[in-house]
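Trainee: Input file: query-v7.txt. Contents: compact mmCIF, N, CA and C atoms.
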```
# COMPACT_ATOMS: atom_id res chain seq x y z
N MET A 23 -14.76 7.49 16.46
CA MET A 23 -13.37 7.51 16.03
C MET A 23 -13.22 8.49 14.88
N ASN A 24 -12.15 9.25 14.88
CA ASN A 24 -11.82 10.21 13.83
C ASN A 24 -11.69 9.47 12.49
N PRO A 25 -12.34 9.96 11.40
CA PRO A 25 -12.23 9.27 10.12
C PRO A 25 -10.81 9.27 9.57
N ASP A 26 -9.95 10.16 10.07
CA ASP A 26 -8.56 10.21 9.64
C ASP A 26 -7.67 9.34 10.53
N PHE A 27 -8.26 8.62 11.47
CA PHE A 27 -7.52 7.73 12.36
C PHE A 27 -7.15 6.47 11.59
N HIS A 28 -5.87 6.12 11.60
CA HIS A 28 -5.42 4.90 10.94
C HIS A 28 -4.83 3.97 11.98
N ALA A 29 -5.54 2.88 12.23
CA ALA A 29 -5.15 1.94 13.27
C ALA A 29 -3.95 1.10 12.87
N SER A 30 -3.66 1.01 11.57
CA SER A 30 -2.51 0.23 11.13
C SER A 30 -1.64 1.05 10.19
N VAL A 31 -0.38 0.68 10.13
CA VAL A 31 0.54 1.32 9.20
C VAL A 31 0.08 1.08 7.76
N GLU A 32 -0.39 -0.12 7.49
CA GLU A 32 -0.86 -0.46 6.15
C GLU A 32 -2.00 0.47 5.71
N ASP A 33 -2.92 0.75 6.63
CA ASP A 33 -4.03 1.67 6.31
C ASP A 33 -3.52 3.08 6.04
N ALA A 34 -2.58 3.54 6.84
CA ALA A 34 -2.03 4.88 6.65
C ALA A 34 -1.30 4.97 5.31
N GLU A 35 -0.52 3.95 4.98
CA GLU A 35 0.21 3.99 3.72
C GLU A 35 -0.73 3.91 2.52
N ALA A 36 -1.75 3.06 2.61
CA ALA A 36 -2.73 2.98 1.53
C ALA A 36 -3.44 4.33 1.35
N ALA A 37 -3.76 5.00 2.44
CA ALA A 37 -4.40 6.32 2.36
C ALA A 37 -3.47 7.35 1.74
N PHE A 38 -2.17 7.26 2.05
CA PHE A 38 -1.19 8.17 1.47
C PHE A 38 -1.15 8.04 -0.05
N TYR A 39 -1.03 6.82 -0.55
CA TYR A 39 -0.94 6.63 -2.00
C TYR A 39 -2.27 6.89 -2.69
N ASP A 40 -3.38 6.64 -2.00
CA ASP A 40 -4.68 6.97 -2.57
C ASP A 40 -4.83 8.49 -2.71
N ALA A 41 -4.45 9.23 -1.68
CA ALA A 41 -4.53 10.70 -1.73
C ALA A 41 -3.62 11.23 -2.83
N PHE A 42 -2.43 10.64 -2.97
CA PHE A 42 -1.52 11.06 -4.03
C PHE A 42 -2.16 10.84 -5.40
N ASN A 43 -2.69 9.66 -5.63
CA ASN A 43 -3.28 9.34 -6.94
C ASN A 43 -4.49 10.21 -7.26
N ARG A 44 -5.18 10.70 -6.24
CA ARG A 44 -6.34 11.57 -6.46
C ARG A 44 -5.96 13.05 -6.44
N CYS A 45 -4.67 13.35 -6.21
CA CYS A 45 -4.19 14.74 -6.08
C CYS A 45 -4.99 15.48 -5.01
N ASP A 46 -5.25 14.82 -3.91
CA ASP A 46 -6.05 15.38 -2.82
C ASP A 46 -5.11 15.90 -1.73
N LEU A 47 -4.79 17.18 -1.81
CA LEU A 47 -3.84 17.79 -0.89
C LEU A 47 -4.29 17.70 0.56
N GLU A 48 -5.56 17.97 0.82
CA GLU A 48 -6.04 17.95 2.21
C GLU A 48 -5.96 16.55 2.80
N ALA A 49 -6.36 15.54 2.03
CA ALA A 49 -6.28 14.17 2.52
C ALA A 49 -4.83 13.76 2.75
N LEU A 50 -3.94 14.16 1.85
CA LEU A 50 -2.54 13.80 1.98
C LEU A 50 -1.93 14.47 3.22
N MET A 51 -2.22 15.74 3.42
CA MET A 51 -1.64 16.46 4.56
C MET A 51 -2.21 15.98 5.89
N ALA A 52 -3.43 15.47 5.88
CA ALA A 52 -4.03 14.95 7.11
C ALA A 52 -3.30 13.70 7.61
N LEU A 53 -2.48 13.11 6.76
CA LEU A 53 -1.75 11.90 7.13
C LEU A 53 -0.41 12.17 7.81
N TRP A 54 0.03 13.42 7.76
CA TRP A 54 1.34 13.75 8.32
C TRP A 54 1.26 13.93 9.83
N SER A 55 2.32 13.55 10.50
CA SER A 55 2.44 13.76 11.93
C SER A 55 2.46 15.26 12.20
N GLU A 56 1.91 15.65 13.31
CA GLU A 56 1.91 17.06 13.66
C GLU A 56 3.28 17.46 14.20
N GLY A 57 3.66 18.67 13.96
CA GLY A 57 4.94 19.16 14.46
C GLY A 57 5.89 19.49 13.33
N GLU A 58 6.93 20.18 13.66
CA GLU A 58 7.87 20.66 12.65
C GLU A 58 9.02 19.68 12.39
N GLU A 59 8.98 18.49 12.97
CA GLU A 59 10.05 17.53 12.76
C GLU A 59 9.82 16.65 11.53
N VAL A 60 8.73 16.84 10.81
CA VAL A 60 8.44 16.02 9.63
C VAL A 60 9.34 16.43 8.47
N VAL A 61 9.68 15.43 7.63
CA VAL A 61 10.61 15.64 6.53
C VAL A 61 10.07 14.96 5.28
N CYS A 62 10.23 15.63 4.14
CA CYS A 62 9.83 15.05 2.85
C CYS A 62 10.91 15.38 1.82
N ILE A 63 11.30 14.37 1.05
CA ILE A 63 12.26 14.58 -0.03
C ILE A 63 11.67 13.94 -1.28
N HIS A 64 11.40 14.78 -2.28
CA HIS A 64 10.89 14.30 -3.56
C HIS A 64 12.06 13.88 -4.45
N PRO A 65 11.84 13.02 -5.42
CA PRO A 65 12.93 12.57 -6.29
C PRO A 65 13.69 13.75 -6.91
N GLY A 66 14.99 13.78 -6.67
CA GLY A 66 15.81 14.84 -7.23
C GLY A 66 15.68 16.17 -6.53
N GLY A 67 14.88 16.23 -5.47
CA GLY A 67 14.65 17.50 -4.77
C GLY A 67 15.42 17.60 -3.48
N GLY A 68 15.33 18.76 -2.87
CA GLY A 68 15.98 19.01 -1.60
C GLY A 68 15.12 18.54 -0.43
N ARG A 69 15.66 18.65 0.75
CA ARG A 69 14.96 18.24 1.96
C ARG A 69 13.99 19.33 2.39
N LEU A 70 12.73 18.94 2.54
CA LEU A 70 11.69 19.85 3.02
C LEU A 70 11.43 19.51 4.48
N VAL A 71 11.47 20.49 5.34
CA VAL A 71 11.28 20.27 6.77
C VAL A 71 10.09 21.10 7.24
N GLY A 72 9.16 20.45 7.91
CA GLY A 72 8.00 21.14 8.45
C GLY A 72 6.78 21.03 7.55
N LEU A 73 5.62 21.09 8.16
CA LEU A 73 4.37 20.91 7.44
C LEU A 73 4.14 21.98 6.38
N HIS A 74 4.52 23.21 6.65
CA HIS A 74 4.29 24.29 5.69
C HIS A 74 5.08 24.04 4.40
N ALA A 75 6.35 23.72 4.52
CA ALA A 75 7.18 23.46 3.34
C ALA A 75 6.69 22.23 2.58
N ILE A 76 6.29 21.21 3.31
CA ILE A 76 5.80 19.99 2.68
C ILE A 76 4.49 20.26 1.93
N ARG A 77 3.58 20.98 2.57
CA ARG A 77 2.31 21.33 1.93
C ARG A 77 2.55 22.12 0.64
N ASP A 78 3.44 23.10 0.69
CA ASP A 78 3.72 23.91 -0.49
C ASP A 78 4.23 23.06 -1.65
N ALA A 79 5.12 22.12 -1.37
CA ALA A 79 5.69 21.28 -2.43
C ALA A 79 4.62 20.38 -3.05
N TRP A 80 3.80 19.75 -2.21
CA TRP A 80 2.74 18.89 -2.75
C TRP A 80 1.72 19.73 -3.53
N LYS A 81 1.42 20.90 -3.03
CA LYS A 81 0.47 21.77 -3.72
C LYS A 81 0.98 22.12 -5.12
N GLN A 82 2.25 22.47 -5.21
CA GLN A 82 2.84 22.78 -6.52
C GLN A 82 2.77 21.58 -7.46
N LEU A 83 3.07 20.40 -6.94
CA LEU A 83 3.01 19.20 -7.78
C LEU A 83 1.58 18.95 -8.27
N PHE A 84 0.62 19.02 -7.37
CA PHE A 84 -0.77 18.74 -7.73
C PHE A 84 -1.33 19.80 -8.68
N GLU A 85 -0.90 21.05 -8.52
CA GLU A 85 -1.41 22.13 -9.37
C GLU A 85 -0.66 22.25 -10.70
N SER A 86 0.39 21.47 -10.88
CA SER A 86 1.19 21.55 -12.11
C SER A 86 0.46 21.02 -13.33
N GLY A 87 -0.58 20.25 -13.11
CA GLY A 87 -1.30 19.64 -14.23
C GLY A 87 -0.75 18.28 -14.60
N LEU A 88 0.42 17.94 -14.11
CA LEU A 88 1.01 16.63 -14.35
C LEU A 88 0.27 15.60 -13.52
N ARG A 89 -0.24 14.57 -14.14
CA ARG A 89 -0.98 13.54 -13.41
C ARG A 89 -0.16 12.27 -13.35
N LEU A 90 0.29 11.97 -12.17
CA LEU A 90 1.08 10.77 -11.92
C LEU A 90 0.21 9.73 -11.24
N ARG A 91 0.40 8.49 -11.59
CA ARG A 91 -0.27 7.38 -10.92
C ARG A 91 0.80 6.46 -10.38
N LEU A 92 0.70 6.14 -9.09
CA LEU A 92 1.69 5.29 -8.44
C LEU A 92 1.10 3.93 -8.10
N ARG A 93 1.91 2.92 -8.32
CA ARG A 93 1.63 1.58 -7.80
C ARG A 93 2.83 1.22 -6.95
N VAL A 94 2.58 0.65 -5.80
CA VAL A 94 3.64 0.34 -4.85
C VAL A 94 3.85 -1.17 -4.80
N HIS A 95 5.14 -1.56 -4.88
CA HIS A 95 5.49 -2.98 -4.89
C HIS A 95 6.76 -3.21 -4.08
N HIS A 96 7.04 -4.48 -3.85
CA HIS A 96 8.30 -4.95 -3.27
C HIS A 96 8.62 -4.27 -1.94
N GLY A 97 7.67 -4.28 -1.05
CA GLY A 97 7.88 -3.65 0.24
C GLY A 97 8.77 -4.46 1.16
N ILE A 98 9.60 -3.74 1.88
CA ILE A 98 10.39 -4.31 2.97
C ILE A 98 10.02 -3.49 4.19
N PHE A 99 9.57 -4.15 5.22
CA PHE A 99 8.98 -3.44 6.35
C PHE A 99 9.71 -3.77 7.65
N HIS A 100 9.84 -2.77 8.48
CA HIS A 100 10.35 -2.94 9.84
C HIS A 100 9.39 -2.17 10.74
N SER A 101 8.97 -2.80 11.81
CA SER A 101 8.05 -2.07 12.69
C SER A 101 8.25 -2.46 14.14
N SER A 102 7.85 -1.54 14.98
CA SER A 102 7.79 -1.73 16.42
C SER A 102 6.44 -1.14 16.85
N PRO A 103 6.10 -1.22 18.12
CA PRO A 103 4.78 -0.70 18.51
C PRO A 103 4.55 0.79 18.22
N MET A 104 5.61 1.59 18.13
CA MET A 104 5.43 3.03 17.96
C MET A 104 6.06 3.62 16.69
N LEU A 105 6.83 2.81 15.95
CA LEU A 105 7.53 3.31 14.78
C LEU A 105 7.55 2.24 13.70
N ALA A 106 7.36 2.65 12.46
CA ALA A 106 7.41 1.72 11.33
C ALA A 106 8.17 2.37 10.19
N VAL A 107 9.02 1.57 9.54
CA VAL A 107 9.77 2.03 8.37
C VAL A 107 9.41 1.10 7.23
N ARG A 108 9.02 1.69 6.12
CA ARG A 108 8.59 0.90 4.96
C ARG A 108 9.38 1.37 3.75
N SER A 109 10.11 0.45 3.13
CA SER A 109 10.85 0.74 1.91
C SER A 109 10.12 0.07 0.77
N VAL A 110 9.75 0.86 -0.24
CA VAL A 110 8.94 0.34 -1.35
C VAL A 110 9.50 0.84 -2.68
N LEU A 111 9.08 0.18 -3.74
CA LEU A 111 9.31 0.68 -5.08
C LEU A 111 8.01 1.28 -5.57
N GLN A 112 8.09 2.51 -6.04
CA GLN A 112 6.92 3.19 -6.58
C GLN A 112 7.03 3.15 -8.10
N HIS A 113 6.11 2.47 -8.73
CA HIS A 113 6.07 2.44 -10.18
C HIS A 113 5.18 3.59 -10.62
N VAL A 114 5.77 4.54 -11.31
CA VAL A 114 5.09 5.77 -11.68
C VAL A 114 4.68 5.73 -13.15
N VAL A 115 3.44 6.06 -13.39
CA VAL A 115 2.95 6.21 -14.75
C VAL A 115 2.49 7.65 -14.90
N ILE A 116 2.97 8.30 -15.94
CA ILE A 116 2.56 9.68 -16.22
C ILE A 116 1.43 9.60 -17.24
N GLU A 117 0.25 10.09 -16.86
CA GLU A 117 -0.90 10.03 -17.76
C GLU A 117 -0.58 10.75 -19.06
N GLY A 118 -0.90 10.09 -20.17
CA GLY A 118 -0.69 10.68 -21.49
C GLY A 118 0.66 10.40 -22.10
N GLU A 119 1.54 9.69 -21.37
CA GLU A 119 2.86 9.37 -21.91
C GLU A 119 3.00 7.87 -22.07
N ASP A 120 3.73 7.48 -23.09
CA ASP A 120 4.02 6.06 -23.32
C ASP A 120 5.29 5.68 -22.57
N GLY A 121 5.41 4.40 -22.31
CA GLY A 121 6.62 3.91 -21.66
C GLY A 121 6.50 3.95 -20.16
N ILE A 122 7.30 3.12 -19.55
CA ILE A 122 7.33 3.05 -18.09
C ILE A 122 8.76 3.31 -17.64
N PRO A 123 8.97 4.40 -16.91
CA PRO A 123 10.33 4.69 -16.42
C PRO A 123 10.72 3.73 -15.29
N PRO A 124 12.01 3.69 -14.95
CA PRO A 124 12.43 2.87 -13.81
C PRO A 124 11.66 3.28 -12.55
N PRO A 125 11.52 2.38 -11.60
CA PRO A 125 10.78 2.73 -10.38
C PRO A 125 11.51 3.77 -9.55
N ILE A 126 10.76 4.37 -8.68
CA ILE A 126 11.31 5.29 -7.69
C ILE A 126 11.40 4.50 -6.38
N ILE A 127 12.52 4.63 -5.70
CA ILE A 127 12.71 3.97 -4.41
C ILE A 127 12.23 4.94 -3.33
N ALA A 128 11.33 4.48 -2.47
CA ALA A 128 10.80 5.36 -1.42
C ALA A 128 10.92 4.71 -0.06
N THR A 129 11.20 5.54 0.91
CA THR A 129 11.20 5.12 2.31
C THR A 129 10.20 6.00 3.04
N ASN A 130 9.25 5.35 3.69
CA ASN A 130 8.23 6.05 4.47
C ASN A 130 8.41 5.67 5.94
N VAL A 131 8.48 6.66 6.80
CA VAL A 131 8.60 6.43 8.23
C VAL A 131 7.31 6.90 8.88
N TYR A 132 6.72 6.02 9.68
CA TYR A 132 5.46 6.31 10.36
C TYR A 132 5.66 6.26 11.87
N VAL A 133 4.95 7.12 12.56
CA VAL A 133 4.94 7.11 14.02
C VAL A 133 3.51 6.91 14.50
N ARG A 134 3.40 6.24 15.61
CA ARG A 134 2.08 5.99 16.20
C ARG A 134 1.86 6.96 17.34
N GLY A 135 0.73 7.65 17.30
CA GLY A 135 0.40 8.62 18.34
C GLY A 135 -1.07 8.54 18.68
N PRO A 136 -1.58 9.55 19.37
CA PRO A 136 -2.98 9.52 19.81
C PRO A 136 -3.98 9.53 18.64
N TYR A 137 -3.53 9.91 17.45
CA TYR A 137 -4.40 9.93 16.28
C TYR A 137 -4.09 8.80 15.30
N GLY A 138 -3.48 7.74 15.82
CA GLY A 138 -3.14 6.59 14.98
C GLY A 138 -1.80 6.78 14.32
N TRP A 139 -1.59 6.04 13.24
CA TRP A 139 -0.33 6.07 12.51
C TRP A 139 -0.29 7.27 11.57
N ARG A 140 0.82 8.02 11.61
CA ARG A 140 1.01 9.20 10.78
C ARG A 140 2.40 9.15 10.14
N ILE A 141 2.54 9.83 9.02
CA ILE A 141 3.83 9.90 8.33
C ILE A 141 4.72 10.92 9.02
N ALA A 142 5.95 10.53 9.32
CA ALA A 142 6.94 11.45 9.87
C ALA A 142 7.97 11.82 8.81
N MET A 143 8.26 10.88 7.89
CA MET A 143 9.22 11.15 6.83
C MET A 143 8.85 10.37 5.58
N HIS A 144 9.04 11.04 4.44
CA HIS A 144 8.86 10.40 3.12
C HIS A 144 10.06 10.81 2.29
N HIS A 145 10.82 9.83 1.81
CA HIS A 145 12.00 10.11 1.00
C HIS A 145 11.91 9.25 -0.25
N ALA A 146 11.83 9.89 -1.40
CA ALA A 146 11.74 9.18 -2.67
C ALA A 146 12.92 9.58 -3.55
N SER A 147 13.55 8.58 -4.15
CA SER A 147 14.73 8.80 -4.98
C SER A 147 14.60 8.03 -6.28
N PRO A 148 15.13 8.60 -7.37
CA PRO A 148 15.13 7.83 -8.62
C PRO A 148 16.03 6.61 -8.46
N SER A 149 15.70 5.55 -9.18
CA SER A 149 16.53 4.35 -9.12
C SER A 149 17.18 4.11 -10.47
N PRO A 150 18.25 3.32 -10.47
CA PRO A 150 18.83 2.94 -11.75
C PRO A 150 17.87 2.01 -12.49
N GLU A 151 18.10 1.80 -13.75
CA GLU A 151 17.28 0.88 -14.54
C GLU A 151 17.31 -0.48 -13.86
N THR A 152 16.12 -1.01 -13.54
CA THR A 152 16.05 -2.27 -12.80
C THR A 152 15.13 -3.27 -13.46
N ALA A 153 14.84 -3.12 -14.73
CA ALA A 153 13.91 -4.03 -15.40
C ALA A 153 14.34 -5.47 -15.20
N GLY A 154 13.41 -6.27 -14.73
CA GLY A 154 13.65 -7.70 -14.57
C GLY A 154 14.36 -8.10 -13.30
N SER A 155 14.77 -7.16 -12.47
CA SER A 155 15.53 -7.54 -11.28
C SER A 155 14.66 -7.81 -10.06
N PHE A 156 13.35 -7.56 -10.15
CA PHE A 156 12.45 -7.79 -9.05
C PHE A 156 11.37 -8.76 -9.51
N GLN A 157 11.56 -10.03 -9.24
CA GLN A 157 10.63 -11.04 -9.71
C GLN A 157 9.55 -11.36 -8.68
N ASP A 158 9.91 -11.39 -7.42
CA ASP A 158 8.98 -11.79 -6.37
C ASP A 158 8.26 -10.56 -5.85
N ASP A 159 6.92 -10.53 -5.95
CA ASP A 159 6.13 -9.38 -5.51
C ASP A 159 5.62 -9.54 -4.09
N THR A 160 6.12 -10.52 -3.35
CA THR A 160 5.69 -10.77 -1.99
C THR A 160 6.34 -9.76 -1.04
N PRO A 161 5.54 -9.06 -0.23
CA PRO A 161 6.13 -8.14 0.74
C PRO A 161 7.01 -8.90 1.73
N ARG A 162 8.06 -8.27 2.18
CA ARG A 162 8.93 -8.86 3.18
C ARG A 162 8.85 -8.03 4.45
N VAL A 163 8.82 -8.71 5.58
CA VAL A 163 8.72 -8.02 6.87
C VAL A 163 9.97 -8.32 7.67
N VAL A 164 10.60 -7.28 8.21
CA VAL A 164 11.78 -7.42 9.05
C VAL A 164 11.36 -7.06 10.46
N HIS A 165 11.56 -7.95 11.41
CA HIS A 165 11.16 -7.67 12.80
C HIS A 165 12.38 -7.39 13.64
```
Could you write out this file's structure as structure tokens?

Mentor:
Amino acid sequence: MNPDFHASVEDAEAAFYDAFNRCDLEALMALWSEGEEVVCIHPGGGRLVGLHAIRDAWKQLFESGLRLRLRVHHGIFHSSPMLAVRSVLQHVVIEGEDGIPPPIIATNVYVRGPYGWRIAMHHASPSPETAGSFQDDTPRVVH
């Protein structure tokens, strides 16, 4: 089995955030679905379409020297045998800075193909101040 094969959506998403936290561009890009229909939107950024544009944006972020660490919480999940949508809060910590900014709201769309689960879309947006409004850390699944 291909080491980049992810049999579950949970494994693919964990690999995505692990690659992000390690600033590993190759590992992160290996998680994307093949083809030009993939889409990525970074917080406050425009829509990136296609693997080339997505790779360039992640490369710039990783090479900027800014080290971000993400923790993912409060997931709401919807899945079918071939498609999964996961809405999460990304708690971002910037290495070397004090304070914790409001979370980023992210939606990740995964498709299942011959190489397992892959990312088709990632959309992250800044959220309003939400301190104290998320008490239950239990993931929720919508079928």

Trainee: Produce a table with one row for each residue of region 61-159 of chain A that has an atom at most 8 Å from any atom of region 31-36 of chain A, each row naming the nearest atom pair and its distance in Å at one decimal; use only C-alpha atoms; arrange rows by chain and rising residue number; format as a tab-separated table.

Mentor:
```
residue	atom	partner	partner_atom	distance
A:Ala106	CA	A:Val31	CA	7.2
A:Tyr132	CA	A:Val31	CA	7.1
A:Trp139	CA	A:Val31	CA	5.9
A:Arg140	CA	A:Ala34	CA	6.7
A:Ile141	CA	A:Ala34	CA	7.9
```

Trainee: Can you tell me, as a list in words, what residues are no more than 6 Å from His95 (chain A) when counting only N, CA and C atoms, ignoring any on the same chain fewer than 5 positions away?

Mentor: Val110, Leu111, Gln112 and His113 of chain A

Trainee: Please return, as a PyMOL selection string, all residues of region 58-165 of chain A that DSSP assigns to strand (DSSP E or B) on the basis of the backbone.

Mentor: chain A and resi 61-63+69-71+90-101+105-116+126-135+138-148+162-164

Trainee: Find the residues around region 73-77 of chain A up to 6.5 Å (only N, CA and C atoms counted), leave out those fewer than 6 positions away in its own chain, and share them as a ChimeraX atom specification.

Mentor: /A:57-60,62

Trainee: Of the residues A:Ile116, A:Leu47, A:Ala128, A:Ser147, which is the one nearest to Arg89 (chain A), using only N, CA and C atoms?

Mentor: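 Nearest to Arg89 (chain A): A:Ile116.
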
Trainee: Between atom N of Val115 (chain A) and CA of Tyr39 (chain A), what is the distance, to one decimal in Å?

Mentor: 12.2 Å

Trainee: Output as a ChimeraX atom specification all residues of region 29-133 of chain A that backbone DSSP marks as alpha helix (DSSP H).

Mentor: /A:31-43,47-51,73-85

Trainee: Please rebuild region 47-58 of chain A with N, CA, C and O atoms and return the result as a CSV table (one decimal), keeping the file's coordinate frame.

Mentor:
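And here is the file that came out, part-v5.csv:
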```csv
chain,number,residue,atom,x,y,z
A,47,LEU,N,-4.8,17.2,-1.8
A,47,LEU,CA,-3.8,17.8,-0.9
A,47,LEU,C,-4.3,17.7,0.6
A,47,LEU,O,-3.5,17.4,1.4
A,48,GLU,N,-5.6,18.0,0.8
A,48,GLU,CA,-6.0,18.0,2.2
A,48,GLU,C,-6.0,16.6,2.8
A,48,GLU,O,-5.5,16.4,3.9
A,49,ALA,N,-6.4,15.5,2.0
A,49,ALA,CA,-6.3,14.2,2.5
A,49,ALA,C,-4.8,13.8,2.8
A,49,ALA,O,-4.5,13.1,3.7
A,50,LEU,N,-3.9,14.2,1.8
A,50,LEU,CA,-2.5,13.8,2.0
A,50,LEU,C,-1.9,14.5,3.2
A,50,LEU,O,-1.2,13.8,4.0
A,51,MET,N,-2.2,15.7,3.4
A,51,MET,CA,-1.6,16.5,4.6
A,51,MET,C,-2.2,16.0,5.9
A,51,MET,O,-1.5,16.0,6.9
A,52,ALA,N,-3.4,15.5,5.9
A,52,ALA,CA,-4.0,15.0,7.1
A,52,ALA,C,-3.3,13.7,7.6
A,52,ALA,O,-3.5,13.3,8.8
A,53,LEU,N,-2.5,13.1,6.8
A,53,LEU,CA,-1.8,11.9,7.1
A,53,LEU,C,-0.4,12.2,7.8
A,53,LEU,O,0.2,11.3,8.4
A,54,TRP,N,0.0,13.4,7.8
A,54,TRP,CA,1.3,13.8,8.3
A,54,TRP,C,1.3,13.9,9.8
A,54,TRP,O,0.3,14.4,10.4
A,55,SER,N,2.3,13.6,10.5
A,55,SER,CA,2.4,13.8,11.9
A,55,SER,C,2.5,15.3,12.2
A,55,SER,O,3.0,16.0,11.4
A,56,GLU,N,1.9,15.6,13.3
A,56,GLU,CA,1.9,17.1,13.7
A,56,GLU,C,3.3,17.5,14.2
A,56,GLU,O,4.0,16.7,14.8
A,57,GLY,N,3.7,18.7,14.0
A,57,GLY,CA,4.9,19.2,14.5
A,57,GLY,C,5.9,19.5,13.3
A,57,GLY,O,5.7,19.1,12.2
A,58,GLU,N,6.9,20.2,13.7
A,58,GLU,CA,7.9,20.7,12.6
A,58,GLU,C,9.0,19.7,12.4
A,58,GLU,O,9.9,20.0,11.6
```
